[in-house]
Amino acid sequence: MTQWQRSRSYFERARQSLAGGVSSNVRLLAQPFPLFFDRAEGALIYDVDGNAYIDYVLGQGPLILGHSHPAVLDAVNAAMRRGQLYAGQHELEFILAEKLVELVPAAELCRFGLSGSEMVQAAMRLARAVTGRTKILRFEGHYHGWFDNVLISVAPPLDQAGPRERPRPVAGSAGQVESALADFVVLPWNDLALVETLFQEMGEELAAVMLEPMMCNTGAIPPEPGYLEGLRQLCDRYGTLLYFDETITGFRLGLQGAQGRFGVTPDLASFAKAMAGGFANAALVGKREYMERFARDVNHSGTFNSNVISMAASVAAIAELERDGGAVYRQMERIGTALMEGLQELGQRLGLPLHVQGLPTAFHVSFTELTAIRDYRDYAQHCDRELYGRFVLAMLRRGVRLIGRGIWYVSAAHTESHVEQTLQAAEAALQEVAT
Ligand code: PLP
């Protein structure tokens, strides 16, 4: 562990004053312990011991342009000199809202907040106000933030999760109120027949169907052909709102998000991570007739909403993403495809059950004999998570930083040379962990 000596001593010190030594529980899972970082630029991040890593964590997704993108930093610097927070309106708000309306199929009106978690709350409140109903359908393994009423069935222990056909909602944290669970119905992802049956039973009680339009918090599982279309039709038939939580997929799967990529338009959609190139910003967008309720009787507030820095960062980041007809996406698709194919090829060559699936800008790597991971239970039952954990550590030692749950994010700053270095590291790491 000499490679991380200073990080180790910082972590010991941090634990004296910070609960668990971290500020987000997700970071407690980091290998070999939560490391301390000093700076980051492009595709690289440097820890306090001076180790450099090719970064596929990318701030858990937001850094789609890479770290410290000059155009974003310049825009933020210039904007913040004119003040940070007006508690009043400013021009960048409607400039960004107009951009979302132009790009995102579901966006007729927008509201801004700071995090994915918050926008989920706003969406659920709005859906309930619009429909006058309480219950929300969601899917096992999907994450919609850490708040009491949504940290449900994200990674449930299977002995508590009930039958696959009708999972029991399971709270994810001590201290959550059990009564919140009663407002949710949980189903496995990608099984339209089960959704149809549920709608027949209680479609008229459902305010919303809430989903990650590509499941990225467990695996990277795109919707099967016809699945989103089927959800759309059921929602239309029963007067239920279709809500895409695009916190991850927004601006990552393309300028129109997952809804553009898969060709299904929801009633409401939220965006966060990649929308602001590493700064805190989030949006809820949706049909005018629904979103107008925020101007009447549905409350959504926040001191820091649409602050100058967040707005300037988003406007600049989206301009970069749009440049040259989306050249950045073509580059990321090329790099991501090379990584996916290279990893798959390595697995085959070394005779390991290495499985890669998803899309080039967000894909998932696991050790499994399955040929496809279709839902949470496939992942929980059939992926060797302990082996993947050892792989992550072996990669870190070789200068490649990965997320422990297996998703890889690619940025516009990753190059062919990073791919080559990553695959070399992967070959050595796989040989190490397989023996
Ligand atoms: N929704 C989804 C799909 C997410 O992936 C996340 C975070 O990873 C959230 C909501 C919560 O977002 P935040 O961490 O910005 O509160």
# chains A, B, ... in the order shown; residues from 1 in each chain; ligands from 1
$ residues_near_ligand --ligand "ligand 1" --cutoff "9 Å" --atoms "only C-alpha atoms and all ligand atoms" --output "number ranges by chain"
A: 60-61, 114-120, 142-147, 211-213, 215-217, 244-249, 270-273, 280-282
$ write_last_selection --atoms "C-alpha atoms" --output "compact mmCIF listing (two decimals), in the first residue's frame"
# COMPACT_ATOMS: atom_id res chain seq x y z
CA GLN A 60 -19.72 9.40 -11.30
CA GLY A 61 -20.69 10.57 -14.77
CA LEU A 114 -29.00 21.37 -8.16
CA SER A 115 -29.05 17.59 -8.01
CA GLY A 116 -30.65 14.55 -9.55
CA SER A 117 -32.19 13.63 -6.20
CA GLU A 118 -34.06 16.92 -5.94
CA MET A 119 -35.49 16.80 -9.43
CA VAL A 120 -36.85 13.30 -8.76
CA HIS A 142 -32.86 1.62 -10.48
CA TYR A 143 -31.52 4.45 -8.31
CA HIS A 144 -33.41 7.71 -7.96
CA GLY A 145 -31.41 9.43 -5.23
CA TRP A 146 -30.85 8.96 -1.55
CA PHE A 147 -34.00 10.55 -0.10
CA LEU A 211 -37.39 4.72 -14.61
CA GLU A 212 -33.83 5.10 -15.73
CA PRO A 213 -34.52 4.79 -19.48
CA MET A 215 -30.61 1.12 -16.39
CA CYS A 216 -27.16 2.39 -15.41
CA ASN A 217 -27.11 1.98 -11.65
CA PHE A 244 -37.63 9.29 -17.37
CA ASP A 245 -34.97 9.94 -14.77
CA GLU A 246 -32.18 10.91 -17.16
CA THR A 247 -29.76 11.94 -14.42
CA ILE A 248 -27.12 9.70 -16.02
CA THR A 249 -28.37 9.24 -19.58
CA SER A 270 -34.98 15.02 -15.30
CA PHE A 271 -31.38 15.81 -16.20
CA ALA A 272 -28.34 16.43 -14.04
CA LYS A 273 -24.84 15.01 -14.20
CA ALA A 280 -23.87 21.14 -9.89
CA ASN A 281 -26.95 21.66 -12.01
CA ALA A 282 -30.13 19.76 -12.71
$ residues_around --residues "region 356-369 of chain A" --least-positions-apart "3" --cutoff "7 Å" --atoms "only C-alpha atoms" --output "ChimeraX atom specification"
/A:219-222,252-253,332-333,336-337,340,344,353,382-384,388,406-410
$ write_last_selection --atoms "C-alpha atoms" --output "short mmCIF file (atom, residue, chain, number, x, y, z; two decimals), in the first residue's frame"
data_model
loop_
_atom_site.label_atom_id
_atom_site.label_comp_id
_atom_site.auth_asym_id
_atom_site.auth_seq_id
_atom_site.Cartn_x
_atom_site.Cartn_y
_atom_site.Cartn_z
CA GLY A 219 -25.30 -2.94 -15.04
CA ALA A 220 -25.82 -0.91 -18.21
CA ILE A 221 -29.02 -2.39 -19.49
CA PRO A 222 -30.71 -0.70 -22.43
CA ARG A 252 -24.47 11.10 -22.15
CA LEU A 253 -26.39 9.03 -24.68
CA MET A 332 -16.75 9.15 -27.58
CA GLU A 333 -18.64 6.43 -29.46
CA GLY A 336 -16.10 3.52 -26.08
CA THR A 337 -16.55 0.95 -28.84
CA MET A 340 -15.78 -2.51 -25.23
CA GLN A 344 -14.30 -8.50 -24.78
CA PRO A 353 -16.10 -15.01 -18.51
CA HIS A 382 -24.87 -14.27 -11.64
CA CYS A 383 -22.08 -11.67 -11.58
CA ASP A 384 -18.95 -12.35 -9.56
CA TYR A 388 -14.69 -7.58 -10.18
CA GLY A 406 -18.84 -2.07 -13.04
CA ILE A 407 -20.05 0.87 -15.12
CA TRP A 408 -17.45 2.68 -17.23
CA TYR A 409 -17.99 6.27 -18.36
CA VAL A 410 -16.13 7.68 -21.34
#
$ residues_around --residues "Ala97 (chain A)" --least-positions-apart "3" --cutoff "12 Å" --atoms "only C-alpha atoms" --output "ChimeraX atom specification"
/A:90-94,100-104,107-112,275,282-286,306,311,314-315,318
$ write_last_selection --atoms "N, CA and C atoms" --output "mmCIF file, in the first residue's frame"
data_model
loop_
_atom_site.group_PDB
_atom_site.id
_atom_site.type_symbol
_atom_site.label_atom_id
_atom_site.label_comp_id
_atom_site.auth_asym_id
_atom_site.auth_seq_id
_atom_site.Cartn_x
_atom_site.Cartn_y
_atom_site.Cartn_z
ATOM 1 N N HIS A 90 -32.075 35.825 -14.120
ATOM 2 C CA HIS A 90 -31.014 36.340 -14.989
ATOM 3 C C HIS A 90 -31.077 35.631 -16.342
ATOM 4 N N GLU A 91 -30.402 36.243 -17.297
ATOM 5 C CA GLU A 91 -30.537 35.856 -18.697
ATOM 6 C C GLU A 91 -30.163 34.389 -18.974
ATOM 7 N N LEU A 92 -29.119 33.886 -18.273
ATOM 8 C CA LEU A 92 -28.647 32.531 -18.578
ATOM 9 C C LEU A 92 -29.719 31.473 -18.334
ATOM 10 N N GLU A 93 -30.677 31.805 -17.450
ATOM 11 C CA GLU A 93 -31.739 30.831 -17.165
ATOM 12 C C GLU A 93 -32.563 30.531 -18.405
ATOM 13 N N PHE A 94 -33.026 31.591 -19.075
ATOM 14 C CA PHE A 94 -33.868 31.288 -20.249
ATOM 15 C C PHE A 94 -33.023 30.863 -21.436
ATOM 16 N N LEU A 100 -32.653 23.578 -23.865
ATOM 17 C CA LEU A 100 -33.253 22.272 -23.539
ATOM 18 C C LEU A 100 -34.529 22.054 -24.357
ATOM 19 N N VAL A 101 -35.322 23.107 -24.480
ATOM 20 C CA VAL A 101 -36.560 22.985 -25.264
ATOM 21 C C VAL A 101 -36.229 22.631 -26.723
ATOM 22 N N GLU A 102 -35.147 23.236 -27.219
ATOM 23 C CA GLU A 102 -34.744 22.947 -28.607
ATOM 24 C C GLU A 102 -34.267 21.496 -28.764
ATOM 25 N N LEU A 103 -33.518 21.004 -27.776
ATOM 26 C CA LEU A 103 -32.859 19.711 -27.943
ATOM 27 C C LEU A 103 -33.676 18.511 -27.464
ATOM 28 N N VAL A 104 -34.353 18.666 -26.348
ATOM 29 C CA VAL A 104 -34.922 17.499 -25.657
ATOM 30 C C VAL A 104 -36.391 17.332 -26.038
ATOM 31 N N ALA A 107 -39.134 18.333 -23.594
ATOM 32 C CA ALA A 107 -39.017 19.633 -22.922
ATOM 33 C C ALA A 107 -39.858 20.716 -23.593
ATOM 34 N N GLU A 108 -40.977 21.053 -22.953
ATOM 35 C CA GLU A 108 -41.736 22.237 -23.384
ATOM 36 C C GLU A 108 -41.541 23.359 -22.372
ATOM 37 N N LEU A 109 -41.420 22.986 -21.107
ATOM 38 C CA LEU A 109 -41.068 23.939 -20.046
ATOM 39 C C LEU A 109 -40.043 23.285 -19.123
ATOM 40 N N CYS A 110 -39.243 24.094 -18.444
ATOM 41 C CA CYS A 110 -38.158 23.580 -17.597
ATOM 42 C C CYS A 110 -38.189 24.221 -16.213
ATOM 43 N N ARG A 111 -37.618 23.531 -15.280
ATOM 44 C CA ARG A 111 -37.297 24.064 -13.957
ATOM 45 C C ARG A 111 -35.887 23.613 -13.609
ATOM 46 N N PHE A 112 -35.115 24.454 -12.924
ATOM 47 C CA PHE A 112 -33.751 24.074 -12.558
ATOM 48 C C PHE A 112 -33.599 23.852 -11.062
ATOM 49 N N MET A 275 -25.071 17.383 -17.709
ATOM 50 C CA MET A 275 -25.638 18.635 -18.215
ATOM 51 C C MET A 275 -24.772 19.846 -17.891
ATOM 52 N N ALA A 282 -29.154 20.792 -12.375
ATOM 53 C CA ALA A 282 -30.134 19.759 -12.706
ATOM 54 C C ALA A 282 -31.382 20.435 -13.250
ATOM 55 N N ALA A 283 -32.136 19.666 -14.047
ATOM 56 C CA ALA A 283 -33.363 20.230 -14.623
ATOM 57 C C ALA A 283 -34.472 19.198 -14.601
ATOM 58 N N LEU A 284 -35.676 19.675 -14.388
ATOM 59 C CA LEU A 284 -36.857 18.872 -14.680
ATOM 60 C C LEU A 284 -37.518 19.524 -15.880
ATOM 61 N N VAL A 285 -37.823 18.712 -16.892
ATOM 62 C CA VAL A 285 -38.486 19.234 -18.082
ATOM 63 C C VAL A 285 -39.735 18.408 -18.324
ATOM 64 N N GLY A 286 -40.649 18.963 -19.112
ATOM 65 C CA GLY A 286 -41.836 18.171 -19.403
ATOM 66 C C GLY A 286 -42.854 18.934 -20.218
ATOM 67 N N SER A 306 -30.624 27.604 -10.133
ATOM 68 C CA SER A 306 -30.261 28.469 -11.268
ATOM 69 C C SER A 306 -29.242 29.535 -10.883
ATOM 70 N N MET A 311 -25.585 27.759 -14.191
ATOM 71 C CA MET A 311 -26.148 28.079 -15.513
ATOM 72 C C MET A 311 -25.037 28.302 -16.532
ATOM 73 N N SER A 314 -23.490 24.997 -17.572
ATOM 74 C CA SER A 314 -24.327 24.196 -18.474
ATOM 75 C C SER A 314 -24.353 24.772 -19.885
ATOM 76 N N VAL A 315 -24.508 26.081 -19.967
ATOM 77 C CA VAL A 315 -24.571 26.694 -21.304
ATOM 78 C C VAL A 315 -23.266 26.407 -22.057
ATOM 79 N N ILE A 318 -22.917 22.503 -22.909
ATOM 80 C CA ILE A 318 -23.782 22.056 -24.009
ATOM 81 C C ILE A 318 -23.276 22.617 -25.343
#
$ select_by_dssp --residues "region 270-350 of chain A" --states "helix (DSSP H, G or I)" --output "ChimeraX atom specification"
/A:273-276,288-295,308-350
$ write_last_selection --atoms "C-alpha atoms" --output "PDB file, in the first residue's frame"
ATOM      1  CA  LYS A 273     -24.839  15.006 -14.200  1.00  0.00           C
ATOM      2  CA  ALA A 274     -23.526  15.511 -17.743  1.00  0.00           C
ATOM      3  CA  MET A 275     -25.638  18.635 -18.215  1.00  0.00           C
ATOM      4  CA  ALA A 276     -23.089  20.909 -16.549  1.00  0.00           C
ATOM      5  CA  ARG A 288     -46.320  22.391 -20.800  1.00  0.00           C
ATOM      6  CA  GLU A 289     -49.734  21.411 -19.472  1.00  0.00           C
ATOM      7  CA  TYR A 290     -48.077  19.573 -16.570  1.00  0.00           C
ATOM      8  CA  MET A 291     -45.099  21.832 -15.893  1.00  0.00           C
ATOM      9  CA  GLU A 292     -47.390  24.878 -15.715  1.00  0.00           C
ATOM     10  CA  ARG A 293     -48.610  23.556 -12.395  1.00  0.00           C
ATOM     11  CA  PHE A 294     -45.346  24.884 -10.892  1.00  0.00           C
ATOM     12  CA  ALA A 295     -46.628  28.355 -11.688  1.00  0.00           C
ATOM     13  CA  VAL A 308     -24.977  31.940 -12.060  1.00  0.00           C
ATOM     14  CA  ILE A 309     -22.196  29.333 -11.906  1.00  0.00           C
ATOM     15  CA  SER A 310     -24.436  26.353 -12.619  1.00  0.00           C
ATOM     16  CA  MET A 311     -26.148  28.079 -15.513  1.00  0.00           C
ATOM     17  CA  ALA A 312     -22.912  29.336 -17.070  1.00  0.00           C
ATOM     18  CA  ALA A 313     -21.358  25.869 -16.778  1.00  0.00           C
ATOM     19  CA  SER A 314     -24.327  24.196 -18.474  1.00  0.00           C
ATOM     20  CA  VAL A 315     -24.571  26.694 -21.304  1.00  0.00           C
ATOM     21  CA  ALA A 316     -20.848  26.314 -22.003  1.00  0.00           C
ATOM     22  CA  ALA A 317     -20.829  22.511 -21.666  1.00  0.00           C
ATOM     23  CA  ILE A 318     -23.782  22.056 -24.009  1.00  0.00           C
ATOM     24  CA  ALA A 319     -22.185  24.402 -26.558  1.00  0.00           C
ATOM     25  CA  GLU A 320     -19.107  22.145 -26.534  1.00  0.00           C
ATOM     26  CA  LEU A 321     -21.254  19.044 -26.908  1.00  0.00           C
ATOM     27  CA  GLU A 322     -23.071  20.574 -29.863  1.00  0.00           C
ATOM     28  CA  ARG A 323     -19.926  21.813 -31.615  1.00  0.00           C
ATOM     29  CA  ASP A 324     -19.331  20.537 -35.182  1.00  0.00           C
ATOM     30  CA  GLY A 325     -22.615  18.687 -35.309  1.00  0.00           C
ATOM     31  CA  GLY A 326     -21.875  16.622 -32.204  1.00  0.00           C
ATOM     32  CA  ALA A 327     -18.293  15.652 -33.124  1.00  0.00           C
ATOM     33  CA  VAL A 328     -17.639  14.951 -29.453  1.00  0.00           C
ATOM     34  CA  TYR A 329     -20.237  12.183 -29.460  1.00  0.00           C
ATOM     35  CA  ARG A 330     -18.721  10.570 -32.530  1.00  0.00           C
ATOM     36  CA  GLN A 331     -15.328  10.606 -30.812  1.00  0.00           C
ATOM     37  CA  MET A 332     -16.754   9.148 -27.584  1.00  0.00           C
ATOM     38  CA  GLU A 333     -18.637   6.434 -29.459  1.00  0.00           C
ATOM     39  CA  ARG A 334     -15.405   5.473 -31.242  1.00  0.00           C
ATOM     40  CA  ILE A 335     -13.396   5.347 -28.021  1.00  0.00           C
ATOM     41  CA  GLY A 336     -16.096   3.524 -26.085  1.00  0.00           C
ATOM     42  CA  THR A 337     -16.548   0.952 -28.836  1.00  0.00           C
ATOM     43  CA  ALA A 338     -12.789   0.321 -28.953  1.00  0.00           C
ATOM     44  CA  LEU A 339     -12.765  -0.220 -25.187  1.00  0.00           C
ATOM     45  CA  MET A 340     -15.783  -2.512 -25.229  1.00  0.00           C
ATOM     46  CA  GLU A 341     -14.415  -4.608 -28.077  1.00  0.00           C
ATOM     47  CA  GLY A 342     -10.896  -4.644 -26.646  1.00  0.00           C
ATOM     48  CA  LEU A 343     -12.092  -5.841 -23.244  1.00  0.00           C
ATOM     49  CA  GLN A 344     -14.300  -8.503 -24.777  1.00  0.00           C
ATOM     50  CA  GLU A 345     -11.440  -9.716 -26.918  1.00  0.00           C
ATOM     51  CA  LEU A 346      -9.150  -9.863 -23.877  1.00  0.00           C
ATOM     52  CA  GLY A 347     -11.687 -11.927 -21.953  1.00  0.00           C
ATOM     53  CA  GLN A 348     -11.936 -14.408 -24.820  1.00  0.00           C
ATOM     54  CA  ARG A 349      -8.200 -14.630 -25.293  1.00  0.00           C
ATOM     55  CA  LEU A 350      -7.581 -15.240 -21.587  1.00  0.00           C
TER      56      LEU A 350
END
$ residues_around --residues "region 28-33 of chain A" --least-positions-apart "5" --cutoff "10 Å" --atoms "only C-alpha atoms" --output "list in words"
Met1, Trp4, Ser7, Arg8, Phe11, Gly20, Gly21, Val22, Ser23, Gly389, Arg390, Val392, Leu393, Ala394, Leu396, Arg397, Arg401, Leu402, Ile403, Gly404 and Arg405 of chain A
$ atom_distance --atom1 "CA of Gly278 (chain A)" --atom2 "CA of Leu63 (chain A)"
5.0 Å
